[in-house]
Amino acid sequence: MIEGFRLGVYSRGTTLWDGLDFAFGDATAWFVTGPPSSGKTLLLSILRGERRPDAGDVLVSGESLYRGNAALARAWRASCGYIPEQTVADERLTVGDLFRRSALAGGGGRETERKERTDRLLEMVGLRGTSAWRISELSISERVRACLAAELLRGPKVLFCDGLVAGAGVPSWEMLWGLFRALAREGNTVILAERRIPERWALAAGDPEPVGPFRVYRLPGPAAEPKGEPG
Amino acid sequence: MSERPSLWWIDWRLSPGPLVRETIGRFLLFCLLGFALLTLLLSGGVSRILADRYAITAVLRAEVPSGEGEGLARKAAALPPVRSATYRDPETAWKEFLRSYPGLDPLRGAGENPLPGYIEIRIRHDRLTEEDVEFVVSALRAVSQVDQVLAGEEWLPRLLSAGRLASWACWGIFGAFLAGFFLFARLQERARAVALAGDFAFLAERGVSAGRLAFLRAAGAALSGFLLAALGAAAGGGALFLSLRKFPILERVIGSPADLLLPRTIASAALFSIGVALLCSATSLLGWSAARAGRK
Amino acid sequence: MTSGARRILSAFLVAAVSLGILFPSTAGGARDVAAELRRERGRLLEMKEREEKTARELTEALWKEKRSKGRVDELQEGLKRQRRLLSRIDRKISALSDRLDRVEKAVRELGAAHGRARSELRRAEFVAFSGQRAGAWDLWHPSDRERERHFMRVYLAADAEGVARITRAREKKEEELTGIERQVAVTEKKRTREKKVGDTLLSRQEAERARLSGIEREKKRKEKELKSLRAKIARMESVVSRVERQVKERERRARKEAAGKSARGSAEAPRRFASLSGGLSAPLAGKVVTRFGRQHDTTFDVTIENRGVEIEAFSGASVKSVGHGEVAFAGAVSGFGNVLIVQHGGGLFSVYGRMESFLVKQGEVVKKGAVVGRLPESPSGKSVLYLELRAGGTAIDPTSVIPLDR
């Protein structure tokens, strides 16, 4: 359970938002939409423990990320996966490097196993055999999917995705829909921040919960139902 | 939460190719520095050279017979600061003199030898000080058979000062090499930290502490530096040993190969390795901080 | 003209005048025969006195000769001693020269050895300097260089000591050489002095020899003169004895004829000349250089008696007759050259000797101041006229009756 209490952020001389309350339950895929410059990426950073909010606090399993033990916060970040809206800029990196780096952050493991999983995950996101490709040679959709697959290599408990759906493109929506449902089914939590939710996904998710400038959708999971409105 | 990642040798895991080259280069440098260090340790800078160049000449009276001169030489050799004392009879002295001034040979073809015999006394390199020289000179002057003692009183202080300066210069050059290594290694570390900045940022985003990362990198650098320095010193020592065995003339300048195995030599080499390890860890930390500063 | 020659001439003139007085006119001269005889006897006595005097002079010359010979012998002895001394000095000089040569040779050898030693020392110093300069920056062998410098000092000191030893030896030899040279110089000076003494002795001996030879010549001349005087005396004695015989004959005749005439006193002779008509005048302008009467000859240290005077005048001067008369004789007389005798009458005669030529002939009457002849030419520009005045056979001083410059 990830909870946000009375979160407030002051940015560019004004109050971006204040007094927001969130509650993202475990083993569920959450969809947060909001207009441009509404602070979606900032919200994900706050939830990941990267950026301290100007007001309020974030609790993870009941422990404060910013007022509690720093080690706990680091452990929380280590257990999170994150797919940024802007993918890596180092053009020398290959797709395989992404997986190697992810494996390093995940504590290593055997090389052969890592390779097998890399191949499986790439195949899953439709990028089979692209392990040696440079990131710079990939399209935006492919980069996003490669990053998603690299993050999945570590098996994060919570996966934060910033603009993933929009970046992956319409052809991947079906795959992503199935993936998120599968992750939720395996007990993982997925929090997506997008400008807007695909129409079909909105229909399946039902009415969103308006929180400040955002709308929070709870994607239906096959094993678990949304546990109600946060706060 | 996922298990905590191991950050030992993280640079090796992130960038093995350049590190191999860097390690080979550092090993060769440490071989060189180890060779230089052991050479300096054994030779004491230039003190062995000075001790080999410097000699006290005790000019005997003309009437002193050869047997008495040799006996005096044996007594002089027994003095603590003396390394060796050799008696040269008047005939030998005359031949040596004519070798130095060949133009005099025809001038005194029929004349008799005007030169007396003498004792050449050489001082141990670790006792080549003005006090020890004065001690030996005083002891020789007290002997009635000795006519005059030539100990370079006019130029010995200058020679010793020059020797000290030269030794300091040698150690200074060695230190300059170490400093150069330090600066170069810092640049290397900084460049590597910059090159791996993306990876480090990725890890930081995933909860890896920057301090822990830097510490573990520095520890790795220190460990690798220590090992490389120890290996380099050993290799340098081996090379020095072989050189001394192959060219015995170098023993007069550097010392005996057996001195390499003296505890103080080994301890000095160990200290050198530790110092290099500290330098490596420092360069790692400085490179890291420089890279972070540049990135910010 | 020597005094001996003058005496001979005087004797000749006396004889000539006597003959002129006695024989030209037997009638005119008979009156004075006795007086003349007395006079001739007196003259004979005078000649004998002169002979005695000449004999004394000869004795004196012999004594002088003996003394001179003794002096010459002494000088010869002195010369012998001087020669022995000189010979001894020469031997000493020769010995000193030998020693000097030996020492000079030793000095030369030592000088050569000294030069060699100095040259070797200089070369050694050059070698040392070059070596020191080459080794000055040899910082690699400081102790060796120091020892070599010390040994080089020892070497050069030994060489310098050798040079000093040779120098001392040479100086000693040079001192010895200087001493010998000083000895040689002193000996040479002594030799020169002794040689000068010897030369003086030699010259004195030569002078003494010359004097001796002069004395010998004088002695011979005196002997000759003595011999001549004795011969004259003998002739005069024969003449006197003949005249005495004639006088005895004439006295015997005179006693028969007439009373004798009183003779004129000889003391009146000058007055007689002065009483000549017109007086007397100087034969020529000149100066009297030889006086009348007894004169001492310093050259031969003898006293001679002049019967006339000698007047020095310009060469070629004209000789004039001192008074009126007749030329009694014109011809050459040994020792007087061309002689002219003028008879002035009354037993007065004037005699002119040393003439070059005559301008009158024998028997020719001449007046006072008439030129009778000339003096000879002489390179010195001066000639001498001999002038003698006789009155009654007695020579009188011409300067007493004729004004002449003295």
# chains A, B, ... in the order shown; residues from 1 in each chain; ligands from 1
$ residues_around --residues "segment 181-191 of chain B" --least-positions-apart "4" --cutoff "7 Å" --atoms "only C-alpha atoms" --output "number ranges by chain"
B: 177, 195, 279, 283-284, 286-288, 290-291
$ interface_residues --of "chain B" --to "chain C" --cutoff "6 Å" --atoms "only C-alpha atoms" --output "ChimeraX atom specification"
/B:53-55
$ closest_residue --among "A:Pro84, A:Gly56, A:Pro213, A:Pro208" --to "Trp30 of chain A" --atoms "only C-alpha atoms"
A:Pro208
$ residues_around --residues "Ala233 of chain B" --least-positions-apart "4" --cutoff "12 Å" --atoms "only C-alpha atoms" --output "JSON, numbers by chain"
{"B": [26, 27, 28, 29, 30, 31, 32, 33, 34, 35, 36, 37, 38, 39, 225, 226, 227, 228, 229, 237, 238, 239, 240, 241, 260, 265, 266, 267, 268, 269, 270, 271, 272, 273, 274, 276]}
$ interface_residues --of "chain A" --to "chain B" --cutoff "7 Å" --atoms "only C-alpha atoms" --output "PyMOL selection string"
chain A and resi 74-80+101+104-108+156-157
$ write_last_selection --atoms "C-alpha atoms" --output "mmCIF file, in the first residue's frame"
data_model
loop_
_atom_site.group_PDB
_atom_site.id
_atom_site.type_symbol
_atom_site.label_atom_id
_atom_site.label_comp_id
_atom_site.auth_asym_id
_atom_site.auth_seq_id
_atom_site.Cartn_x
_atom_site.Cartn_y
_atom_site.Cartn_z
ATOM 1 C CA ARG A 74 16.691 3.242 -0.238
ATOM 2 C CA ALA A 75 15.298 -0.235 0.080
ATOM 3 C CA TRP A 76 11.964 1.024 -1.266
ATOM 4 C CA ARG A 77 13.687 2.570 -4.236
ATOM 5 C CA ALA A 78 15.669 -0.579 -4.825
ATOM 6 C CA SER A 79 12.431 -2.553 -4.965
ATOM 7 C CA CYS A 80 10.807 -0.182 -7.411
ATOM 8 C CA ARG A 101 22.538 -2.589 -15.677
ATOM 9 C CA LEU A 104 23.318 -5.158 -11.474
ATOM 10 C CA ALA A 105 20.787 -3.010 -9.675
ATOM 11 C CA GLY A 106 18.850 -6.165 -8.925
ATOM 12 C CA GLY A 107 21.757 -7.879 -7.226
ATOM 13 C CA GLY A 108 23.321 -9.682 -10.130
ATOM 14 C CA PRO A 156 10.208 -4.990 -9.148
ATOM 15 C CA LYS A 157 7.409 -5.101 -6.668
#
$ select_by_dssp --residues "segment 42-214 of chain A" --states "strand (DSSP E or B)" --output "PyMOL selection string"
chain A and resi 55-60+63-64+80-83+94+134+158-162+189-194+209-211+214
$ write_last_selection --atoms "N, CA and C atoms" --output "compact mmCIF listing (two decimals), in the first residue's frame"
# COMPACT_ATOMS: atom_id res chain seq x y z
N ALA A 55 4.95 19.50 1.09
CA ALA A 55 4.02 19.34 2.21
C ALA A 55 3.49 17.91 2.20
N GLY A 56 3.16 17.39 3.32
CA GLY A 56 2.60 16.05 3.39
C GLY A 56 3.66 14.98 3.45
N ASP A 57 3.28 13.70 3.35
CA ASP A 57 4.22 12.60 3.46
C ASP A 57 3.71 11.42 2.64
N VAL A 58 4.62 10.49 2.41
CA VAL A 58 4.28 9.28 1.67
C VAL A 58 4.55 8.08 2.58
N LEU A 59 3.63 7.23 2.70
CA LEU A 59 3.80 6.04 3.53
C LEU A 59 3.83 4.82 2.63
N VAL A 60 4.75 3.96 2.90
CA VAL A 60 4.82 2.69 2.17
C VAL A 60 4.68 1.57 3.22
N GLU A 63 5.09 2.91 6.56
CA GLU A 63 6.34 3.59 6.98
C GLU A 63 6.54 4.85 6.15
N SER A 64 6.93 5.92 6.81
CA SER A 64 7.13 7.18 6.10
C SER A 64 8.42 7.10 5.27
N CYS A 80 11.69 -0.77 -6.40
CA CYS A 80 10.81 -0.18 -7.41
C CYS A 80 11.42 -0.29 -8.79
N GLY A 81 10.54 -0.39 -9.77
CA GLY A 81 10.99 -0.25 -11.15
C GLY A 81 10.49 1.07 -11.67
N TYR A 82 11.24 1.61 -12.62
CA TYR A 82 10.85 2.94 -13.11
C TYR A 82 11.21 3.06 -14.57
N ILE A 83 10.15 3.42 -15.31
CA ILE A 83 10.37 3.66 -16.74
C ILE A 83 10.08 5.14 -16.96
N THR A 94 23.60 -0.46 -25.49
CA THR A 94 22.80 -1.40 -26.28
C THR A 94 21.62 -1.87 -25.42
N ARG A 134 21.78 -1.00 -30.54
CA ARG A 134 22.00 0.22 -29.78
C ARG A 134 20.66 0.90 -29.52
N VAL A 158 7.00 -2.83 -7.31
CA VAL A 158 6.16 -1.70 -7.75
C VAL A 158 6.83 -1.14 -9.01
N LEU A 159 6.00 -0.95 -10.01
CA LEU A 159 6.54 -0.45 -11.27
C LEU A 159 5.89 0.89 -11.57
N PHE A 160 6.76 1.90 -11.64
CA PHE A 160 6.27 3.24 -11.99
C PHE A 160 6.56 3.48 -13.46
N CYS A 161 5.53 3.85 -14.20
CA CYS A 161 5.69 4.07 -15.64
C CYS A 161 5.19 5.47 -15.96
N ASP A 162 6.13 6.25 -16.54
CA ASP A 162 5.79 7.65 -16.85
C ASP A 162 5.64 7.76 -18.36
N THR A 189 2.48 -4.13 -8.07
CA THR A 189 1.69 -2.91 -8.22
C THR A 189 2.28 -2.12 -9.38
N VAL A 190 1.38 -1.63 -10.25
CA VAL A 190 1.83 -0.82 -11.39
C VAL A 190 1.13 0.53 -11.30
N ILE A 191 1.91 1.59 -11.35
CA ILE A 191 1.34 2.94 -11.32
C ILE A 191 1.79 3.63 -12.59
N LEU A 192 0.79 3.99 -13.45
CA LEU A 192 1.10 4.61 -14.73
C LEU A 192 0.64 6.07 -14.68
N ALA A 193 1.49 6.92 -15.19
CA ALA A 193 1.11 8.33 -15.27
C ALA A 193 1.05 8.69 -16.75
N GLU A 194 -0.15 9.10 -17.23
CA GLU A 194 -0.37 9.41 -18.64
C GLU A 194 -1.23 10.66 -18.76
N GLU A 209 -11.22 8.43 -10.02
CA GLU A 209 -11.29 9.21 -8.77
C GLU A 209 -10.53 10.52 -9.00
N PRO A 210 -11.22 11.64 -8.96
CA PRO A 210 -10.50 12.89 -9.14
C PRO A 210 -9.74 13.27 -7.87
N VAL A 211 -8.44 13.44 -8.06
CA VAL A 211 -7.58 13.88 -6.93
C VAL A 211 -6.79 15.10 -7.41
N PHE A 214 -5.50 15.56 -10.94
CA PHE A 214 -5.39 14.22 -11.55
C PHE A 214 -6.70 13.46 -11.44
$ select_by_dssp --residues "segment 55-197 of chain B" --states "helix (DSSP H, G or I)" --output "ChimeraX atom specification"
/B:66-77,90-100,102-104,106-108,125-127,130-141,156-195,197
$ atom_distance --atom1 "atom CA of Ser97 of chain C" --atom2 "atom CA of Lys196 of chain C"
21.9 Å
$ residues_around --residues "segment 167-170 of chain A" --least-positions-apart "5" --cutoff "7 Å" --atoms "only C-alpha atoms" --output "MDAnalysis selection string"
chainID A and resid 140:141 144:145
$ write_last_selection --atoms "N, CA and C atoms" --output "PDB file, in the first residue's frame"
ATOM      1  N   ILE A 140      10.982   5.277 -30.687  1.00  0.00           N
ATOM      2  CA  ILE A 140      10.522   5.651 -29.342  1.00  0.00           C
ATOM      3  C   ILE A 140       9.765   4.493 -28.704  1.00  0.00           C
ATOM      4  N   SER A 141       8.925   3.863 -29.487  1.00  0.00           N
ATOM      5  CA  SER A 141       8.110   2.746 -28.977  1.00  0.00           C
ATOM      6  C   SER A 141       9.004   1.593 -28.549  1.00  0.00           C
ATOM      7  N   VAL A 144      10.913   2.407 -25.352  1.00  0.00           N
ATOM      8  CA  VAL A 144      10.034   2.302 -24.160  1.00  0.00           C
ATOM      9  C   VAL A 144       9.818   0.834 -23.788  1.00  0.00           C
ATOM     10  N   ARG A 145       9.597   0.042 -24.780  1.00  0.00           N
ATOM     11  CA  ARG A 145       9.351  -1.374 -24.512  1.00  0.00           C
ATOM     12  C   ARG A 145      10.623  -2.067 -23.994  1.00  0.00           C
TER      13      ARG A 145
END
$ closest_residue --among "C:Asp397, C:Glu171, C:Glu364, C:Glu74" --to "Gly111 of chain C" --atoms "only C-alpha atoms"
C:Glu171
$ residues_around --residues "Gly293 of chain C" --least-positions-apart "4" --cutoff "8 Å" --atoms "only C-alpha atoms" --output "PyMOL selection string"
chain C and resi 305-308+397
$ residues_around --residues "segment 42-48 of chain C" --least-positions-apart "6" --cutoff "8 Å" --atoms "only C-alpha atoms" --output "PyMOL selection string"
chain C and resi 229+233+236-237
$ write_last_selection --atoms "N, CA and C atoms" --output "PDB file, in the first residue's frame"
ATOM      1  N   LEU C 229     195.318  68.016 -32.882  1.00  0.00           N
ATOM      2  CA  LEU C 229     195.993  69.104 -32.171  1.00  0.00           C
ATOM      3  C   LEU C 229     197.491  68.805 -32.027  1.00  0.00           C
ATOM      4  N   ILE C 233     200.259  70.978 -33.355  1.00  0.00           N
ATOM      5  CA  ILE C 233     201.313  71.466 -32.461  1.00  0.00           C
ATOM      6  C   ILE C 233     202.687  71.126 -33.042  1.00  0.00           C
ATOM      7  N   MET C 236     203.017  73.361 -35.869  1.00  0.00           N
ATOM      8  CA  MET C 236     203.244  74.714 -35.374  1.00  0.00           C
ATOM      9  C   MET C 236     204.661  74.841 -34.796  1.00  0.00           C
ATOM     10  N   GLU C 237     205.086  73.815 -34.090  1.00  0.00           N
ATOM     11  CA  GLU C 237     206.424  73.846 -33.502  1.00  0.00           C
ATOM     12  C   GLU C 237     207.488  73.905 -34.599  1.00  0.00           C
TER      13      GLU C 237
END
$ residues_around --residues "Phe135 of chain B" --least-positions-apart "6" --cutoff "10 Å" --atoms "only C-alpha atoms" --output "number ranges by chain"
B: 79-81, 129
$ write_last_selection --atoms "N, CA and C atoms" --output "PDB file, in the first residue's frame"
ATOM      1  N   LEU B  79      88.756   0.058  11.840  1.00  0.00           N
ATOM      2  CA  LEU B  79      87.977   1.173  12.402  1.00  0.00           C
ATOM      3  C   LEU B  79      86.510   1.012  11.977  1.00  0.00           C
ATOM      4  N   PRO B  80      85.554   1.319  12.863  1.00  0.00           N
ATOM      5  CA  PRO B  80      84.135   1.039  12.559  1.00  0.00           C
ATOM      6  C   PRO B  80      83.636   1.697  11.270  1.00  0.00           C
ATOM      7  N   PRO B  81      83.936   2.952  10.997  1.00  0.00           N
ATOM      8  CA  PRO B  81      83.338   3.532   9.789  1.00  0.00           C
ATOM      9  C   PRO B  81      84.025   3.101   8.500  1.00  0.00           C
ATOM     10  N   THR B 129      79.770  10.487   6.888  1.00  0.00           N
ATOM     11  CA  THR B 129      79.394  11.792   7.438  1.00  0.00           C
ATOM     12  C   THR B 129      80.683  12.496   7.849  1.00  0.00           C
TER      13      THR B 129
END
$ atom_distance --atom1 "atom CA of Arg122 of chain B" --atom2 "atom CA of Ala73 of chain B"
11.2 Å
$ atom_distance --atom1 "atom CA of Asp207 of chain A" --atom2 "atom CA of Gly34 of chain A"
14.6 Å
